[in-house]
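The structure appears right after this line, and notes come after that.
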Amino acid sequence: MRLTWRKQSMPRICNGKTQTLTLLKWCNCNGMTMRSEQHHKSAVKRLRIDGRRRALAARLASLCAATLLAPAFALGSPEVSVKDVSMQAIDREHLRLNVILKMDNSNPLPIPLSSIQFLARIEDREVATGQTTESLRLPALGSADASFRVLIPLRALPVALDRGLGAFLGDGLRYEIEGTAELGGVFRIPFRKNGRFTRAQLLAAIRS
């Protein structure tokens with residue numbers, strides 16, 4: 001069967017006036033209609049829907065790009081504080097500490113933790129420094145904890161040098177932890193905490 005296009009004029013009354021509507025239809029050699037006006041309208045409707053979907057997708061892509069490329073000055077600085085400092089163990093050579101930071105992000109975007117730089121003092125003397133990199137992502141409008149370890153040589157402790165290791169057990173140890181957390185390669189946020197390790201904490205660390 002051979003198909004061809006044919007024009008067909010159809011009268012239509014609109015607002016009391018007669019109009020002529022010209023349609024293109026698939027017809028066979030006997031003149032039988034293969035495509036109707038309804039099919040034509042459906043095709044036009046599908047094209048309109050596809051066009052609207054493409055326009056919506058373009059708007060969403062532009063919005064996402066604008067959000068990701070937002071300048072750093074439009075973001076608020078996250079908050080960083082020392083949540084806990086605990087003594088893990090004491091052996092013949094080292095005193096081991098574990099430090100936990102609490103970080104709060106008030107921004108609508110997540111921010112990765114790049115690195116943590118820290119310094120430790122015992123009895124006002126600097127005894128350890130270091131830097132750690134942790135794979136952590138601070139969630140949008142949320143908080144997260146990050147921890148790092150501090151390894152302090154016993155020979156660096158002033159009381160151990162001056163009075164011997166057993167002497168400081170009675171008085172405990174005053175400590176200070178400070179440093180900087182770098183977030184997203186943009187923010188450098190300082191933190192600091194002072195405290196004292198008691199005799200009971202020191203004895204428990206020696207036994208562990």
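If you're wondering about the labels, chains in the structure tokens are A, B, ... by order shown, residues count from 1 in each chain, ligands from 1 in order shown.
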Once you count only C-alpha atoms, what closest atom pair and distance in Å to one decimal does each residue of range 58-150 of chain A within 10 Å of range 180-194 of chain A have, with rows by chain and rising residue number, as a Markdown table?
```
| residue | atom | partner | partner_atom | distance |
| --- | --- | --- | --- | --- |
| A:Ala72 | CA | A:Val186 | CA | 7.3 |
| A:Phe73 | CA | A:Val186 | CA | 9.7 |
| A:Leu75 | CA | A:Phe187 | CA | 9.9 |
| A:Gly76 | CA | A:Phe187 | CA | 9.5 |
| A:Ser77 | CA | A:Phe187 | CA | 6.7 |
| A:Pro78 | CA | A:Ile189 | CA | 7.8 |
| A:Glu79 | CA | A:Ile189 | CA | 7.4 |
| A:Val80 | CA | A:Phe191 | CA | 6.4 |
| A:Ser81 | CA | A:Phe191 | CA | 5.6 |
| A:Val82 | CA | A:Lys193 | CA | 6.2 |
| A:Lys83 | CA | A:Lys193 | CA | 8.9 |
| A:Asp84 | CA | A:Lys193 | CA | 8.9 |
| A:Val85 | CA | A:Lys193 | CA | 8.4 |
| A:Leu101 | CA | A:Phe191 | CA | 8.6 |
| A:Met103 | CA | A:Ala181 | CA | 9.4 |
| A:Pro110 | CA | A:Gly184 | CA | 9.1 |
| A:Ile111 | CA | A:Gly184 | CA | 5.5 |
| A:Pro112 | CA | A:Gly184 | CA | 5.1 |
| A:Leu113 | CA | A:Leu183 | CA | 4.5 |
| A:Ser114 | CA | A:Leu183 | CA | 5.3 |
| A:Ser115 | CA | A:Glu182 | CA | 5.3 |
| A:Ile116 | CA | A:Ala181 | CA | 4.6 |
| A:Gln117 | CA | A:Thr180 | CA | 5.3 |
| A:Phe118 | CA | A:Thr180 | CA | 6.5 |
| A:Leu119 | CA | A:Thr180 | CA | 9.3 |
| A:Ala120 | CA | A:Arg192 | CA | 9.9 |
| A:Arg121 | CA | A:Asn194 | CA | 9.3 |
| A:Ile122 | CA | A:Asn194 | CA | 9.9 |
| A:Gln131 | CA | A:Thr180 | CA | 9.5 |
| A:Thr132 | CA | A:Ala181 | CA | 9.8 |
| A:Thr133 | CA | A:Glu182 | CA | 9.8 |
| A:Leu136 | CA | A:Leu183 | CA | 9.9 |
| A:Arg137 | CA | A:Leu183 | CA | 9.1 |
| A:Leu138 | CA | A:Leu183 | CA | 8.6 |
| A:Ala146 | CA | A:Ala181 | CA | 9.9 |
```
(request) Considering only C-alpha atoms, state which residue in the set A:Leu141, A:Ile177, A:Ile206, A:Leu157 is at the smallest distance from Val127 in chain A. (result)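 Using only C-alpha atoms, the shortest distance to Val127 in chain A belongs to A:Leu157.
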(message) With distances taken over only C-alpha atoms, which residue among A:Leu151, A:Ala144, A:Ala205, A:Ala74 lies nearest Lys102 in chain A?
(response)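 Under the stated criterion, the closest residue is A:Ala144.
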(request) Between A:Arg174, A:Ile100, A:Ala128, A:Ser208, single out the one closest to Pro153 in chain A, counting only C-alpha atoms. (result)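 Among A:Arg174, A:Ile100, A:Ala128, A:Ser208, it is A:Ala128 that comes nearest to Pro153 in chain A.
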(message) What's the separation between CA of Asn105 in chain A and CA of Gly195 in chain A, in Å to one decimal place?
(response)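 Between these atoms lies a distance of 26.2 Å.
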(request) Work out how far apart CA of Glu93 in chain A and CA of Ser135 in chain A are and give it in Å to one decimal. (result) 29.7 Å
(request) Check the DSSP output for the backbone and give back, as an MDAnalysis selection string, the residues of range 55-152 of chain A in strand (DSSP E). (result) chainID A and resid 79:90 94:105 111:122 125:132 136:138 142:152
Could those residues be written to a file, using C-alpha atoms, as a compact mmCIF listing (two decimals), in the first residue's frame?
```txt
# COMPACT_ATOMS: atom_id res chain seq x y z
CA GLU A 79 31.94 27.29 64.85
CA VAL A 80 34.63 25.06 66.33
CA SER A 81 35.14 24.25 70.02
CA VAL A 82 36.98 21.62 72.07
CA LYS A 83 34.41 19.10 73.25
CA ASP A 84 36.70 16.82 75.26
CA VAL A 85 40.34 16.17 76.15
CA SER A 86 41.04 12.74 77.60
CA MET A 87 44.19 10.90 78.60
CA GLN A 88 44.44 7.56 76.85
CA ALA A 89 47.59 6.05 78.32
CA ILE A 90 50.98 6.69 79.89
CA HIS A 94 54.89 8.88 76.07
CA LEU A 95 51.71 10.43 77.35
CA ARG A 96 48.84 9.93 74.89
CA LEU A 97 45.90 12.32 74.65
CA ASN A 98 42.73 12.21 72.59
CA VAL A 99 41.07 15.52 71.64
CA ILE A 100 37.53 15.82 70.26
CA LEU A 101 36.37 18.95 68.42
CA LYS A 102 32.74 19.88 67.95
CA MET A 103 31.97 21.75 64.72
CA ASP A 104 28.68 23.50 63.86
CA ASN A 105 27.72 24.59 60.35
CA ILE A 111 31.72 21.99 54.16
CA PRO A 112 34.63 19.49 54.18
CA LEU A 113 37.25 19.48 56.91
CA SER A 114 40.64 20.05 55.28
CA SER A 115 43.07 19.77 58.21
CA ILE A 116 43.65 20.40 61.92
CA GLN A 117 46.80 22.03 63.27
CA PHE A 118 47.38 21.80 67.02
CA LEU A 119 49.76 22.69 69.84
CA ALA A 120 49.84 21.18 73.34
CA ARG A 121 51.26 22.69 76.52
CA ILE A 122 51.83 21.04 79.89
CA ARG A 125 55.55 24.54 78.43
CA GLU A 126 55.08 23.59 74.78
CA VAL A 127 55.42 19.82 74.55
CA ALA A 128 53.87 18.77 71.21
CA THR A 129 52.74 20.14 67.87
CA GLY A 130 51.23 18.47 64.85
CA GLN A 131 48.84 18.45 61.95
CA THR A 132 46.23 15.88 61.00
CA LEU A 136 35.12 14.40 57.32
CA ARG A 137 32.30 16.43 55.82
CA LEU A 138 30.45 18.94 57.99
CA GLY A 142 24.29 20.43 61.10
CA SER A 143 27.21 19.49 63.33
CA ALA A 144 29.93 16.86 63.48
CA ASP A 145 32.77 15.76 65.76
CA ALA A 146 36.39 15.41 64.70
CA SER A 147 39.08 13.82 66.85
CA PHE A 148 42.87 13.75 66.82
CA ARG A 149 45.59 12.26 69.01
CA VAL A 150 48.43 14.06 70.74
CA LEU A 151 51.59 12.12 71.56
CA ILE A 152 53.70 13.81 74.26
```
